[in-house]
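Novice: I am attaching a structure below and will ask some questions about it afterwards.
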Amino acid sequence: MRHLPRLSLRTVLIGINLTVLVLPLAGIQLMRLYESALVRQTESALIAQGAFVAAFYRSLVLEQAPQNLMAVSREIELANGRWQDGRWSPRPAALDLASSVVLPPLPDGRRDRAADPFAASVGERLVPVLKDAQLVTLAGIRVVDPWGTIVASTGDDVGLSILAGEEVQLALAGTPSSRLRHKSDYTRVTALDSISRVGGLRVFVTAPIVLQGRLIGAVMLSRTPPSILQALYAKRWLLLQALGLLLALVVVMSLLTFRLIARPISRLADRASRISRGEISAVADADEETLAQPRTREIARLQEAITGMAQTLEERANSLQEFSRHVSHEFKTPIASIRGAIEVLQDHRSGMSEAQQMRFLEMIGSDAQRLHRLTERLLELTRAEIQQSGPEHFEVPDMIEEAVGPFSDRAEFDWSGVQGGYQARGRREVLMAVLEILFENALQHGATRLEIRSSSDAASLTLDVQDNGTGISQNNRDKVFEPFFTTARDTGGTGLGLTIAQALLKSSRGTIELVSGKNPTIFRVSLPGIQ
């Protein structure tokens with residue numbers, strides 16, 4: 001089965017949170033982009049309308065054909081012949097809510113200067129057309145003469161001068177412009193900007209009217225852009241579809257979160273609860289494991305840890321049960337012997353000779369001594385199971401010499417094949433205790449010569465303990481590390497020595513194995529090195 005790469009739980013949570021965070025921010029940004037699009041749409045419409053008004057005004061001026069055009073126009077500097085007759089001069093929309101400055105309302109018109117009579121007569125013919133067009137375009141339109149006085153308007157401000165407006169000054173200088181201004185009749189109801197600030201704004205577009213290279217006036221158009229609410233209502237079905245898509249995305253994210261995080265954790269909690277009650281085996285069925293494979297690394301590690309813990313608990317429970325059975329058997333035998341001897345003495349002591357009484361007392365003492373040895377070994381095994389070892393530097397030959405000392409008068413030892421100092425991940429006392437157990441077992445099985453060899457590298461230290469004793473039969477080689485298994489019970493063996501050695505080495509992350517059972521017998525002890 002092909003497994004997809006696991007994600008980090010932190011990556012999943014960050015991804016979900018960022019997605020949730022981005023959604024409203026993206027919505028706000030889209031709203032602002034849409035607002036700017038509405039402003040530019042309004043600006044483009046006003047530019048197009050202004051072009052038609054300018055063209056119609058030029059046609060009226062040409063129709064009346066004044067004798068002296070110079071008297072009713074002004075000379076302006078034309079950049080690159082922009083306003084030459086017959087030359088293409090497209091004008092793109094440029095306003096943007098994010099970057100365009102919003103100016104105060106347009107200053108009120110003033111009666112500073114009377115309009116040019118010729119321009120006023122042309123504008124009088126233009127007014128009905130502008131007002132008729134306003135019914136459709138909804139735009140405010142003003143046409144001014146070359147000196148800034150209104151000659152045609154959709155309002156009642158004909159004859160007023162609006163030269164104070166920045167955009168009017170630019171248009172009369174030959175430069176078209178677009179501006180955002182606050183509406184003069186708009187009242188803000190809160191100190192904070194609302195989602196849409198378009199409702200309080202008005203778009204102003206101005207352009208010069210040029211004829212035969214001279215300025216004959218300017219046109220200014222203004223209109224409030226459609227509000228965001230109006231635009232949203234017009235797109236309500238599309239927005240409902242987007243809302244449905246957003247809800248579907250939230251549902252998918254929720255299901256993804258549940259699948260990646262909530263459900264695996266719930267399963268692990270349920271499994272841990274059942275294991276704590278002892279209701280199920282530690283190892284789940286293969287089908288359940290396949291279905292419950294978590295998709296995040298942290299939860300996968302947690303599952304592996306819980307499964308490993310459960311396996312360890314189960315193994316220890318089984319081992320404890322088996323160990324308890326062996327302990328019970330090992331203790332029952334000497335206890336039964338002691339009780340039998342005491343009953344015999346109690347019932348028949350008066351008819352026994354002193355030698356017979358001493359024989360029974362020796363039997364009681366021997367069995368009591370065996371119980372004592374068993375108790376001591378069990379305590380050693382317990383300590384070996386729970387102790388933890390850290391790295392320790394020691395000289396291997398010196399340690400072996402110390403371990404050999406108590407046994408040197410009982411057999412011949414050769415450790416000339418042992419290397420010098422070695423830094424092992426284990427305590428010196430652990431290795432000494434293991435060697436003493438191996439020496440004692442070898443002597444109990446008739447060994448007269450023991451040889452110790454060593455090898456080491458950066459990864460491990462290995463000691464081989466070889467003896468010339470009676471060895472271990474082929475049938476017993478798989479049982480030597482089982483608790484209470486011994487073939488030297490008559491000579492005081494408890495069957496716990498190699499079990500204790502194995503536990504001691506396990507606490508130091510080491511191992512012990514039987515390499516050869518006979519001719520010669522070789523046990524191999526390994527400890528990990530310090531990496």
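The chains in the structure tokens are called A, B, ... from first to last as shown; in each chain the residues are counted from 1, and the ligands are counted from 1 in the order shown.
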Show me, as a list in words, the residues that have an atom within 8 Å of Ala114 (chain A) when counting only C-alpha atoms, minus same-chain residues fewer than 3 positions from it.

Specialist: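 Everything that qualifies: Arg111, Thr149, Gly159 and Leu160 of chain A.
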
Novice: Any chance you could export the current selection's all heavy atoms as an mmCIF file, in the first residue's frame?

Specialist:
data_model
loop_
_atom_site.group_PDB
_atom_site.id
_atom_site.type_symbol
_atom_site.label_atom_id
_atom_site.label_comp_id
_atom_site.auth_asym_id
_atom_site.auth_seq_id
_atom_site.Cartn_x
_atom_site.Cartn_y
_atom_site.Cartn_z
ATOM 1 N N ARG A 111 -19.640 85.225 -9.120
ATOM 2 C CA ARG A 111 -19.896 86.111 -10.257
ATOM 3 C C ARG A 111 -18.740 87.105 -10.389
ATOM 4 O O ARG A 111 -18.860 88.281 -10.097
ATOM 5 C CB ARG A 111 -21.231 86.847 -10.062
ATOM 6 C CG ARG A 111 -22.420 85.899 -10.086
ATOM 7 C CD ARG A 111 -23.743 86.640 -10.178
ATOM 8 N NE ARG A 111 -24.848 85.694 -10.228
ATOM 9 C CZ ARG A 111 -25.304 85.113 -11.332
ATOM 10 N NH1 ARG A 111 -24.718 85.379 -12.494
ATOM 11 N NH2 ARG A 111 -26.323 84.278 -11.296
ATOM 12 N N THR A 149 -15.989 80.880 -16.926
ATOM 13 C CA THR A 149 -17.370 81.204 -16.591
ATOM 14 C C THR A 149 -18.304 80.198 -17.280
ATOM 15 O O THR A 149 -18.130 79.881 -18.470
ATOM 16 C CB THR A 149 -17.722 82.628 -17.042
ATOM 17 O OG1 THR A 149 -16.810 83.535 -16.403
ATOM 18 C CG2 THR A 149 -19.138 82.984 -16.655
ATOM 19 N N GLY A 159 -23.486 81.411 -15.774
ATOM 20 C CA GLY A 159 -23.024 82.763 -15.500
ATOM 21 C C GLY A 159 -22.078 82.844 -14.321
ATOM 22 O O GLY A 159 -21.459 83.894 -14.088
ATOM 23 N N LEU A 160 -21.925 81.754 -13.532
ATOM 24 C CA LEU A 160 -21.009 81.755 -12.391
ATOM 25 C C LEU A 160 -19.628 81.291 -12.834
ATOM 26 O O LEU A 160 -19.486 80.455 -13.735
ATOM 27 C CB LEU A 160 -21.530 80.847 -11.282
ATOM 28 C CG LEU A 160 -22.892 81.216 -10.660
ATOM 29 C CD1 LEU A 160 -23.261 80.208 -9.564
ATOM 30 C CD2 LEU A 160 -22.867 82.624 -10.095
#
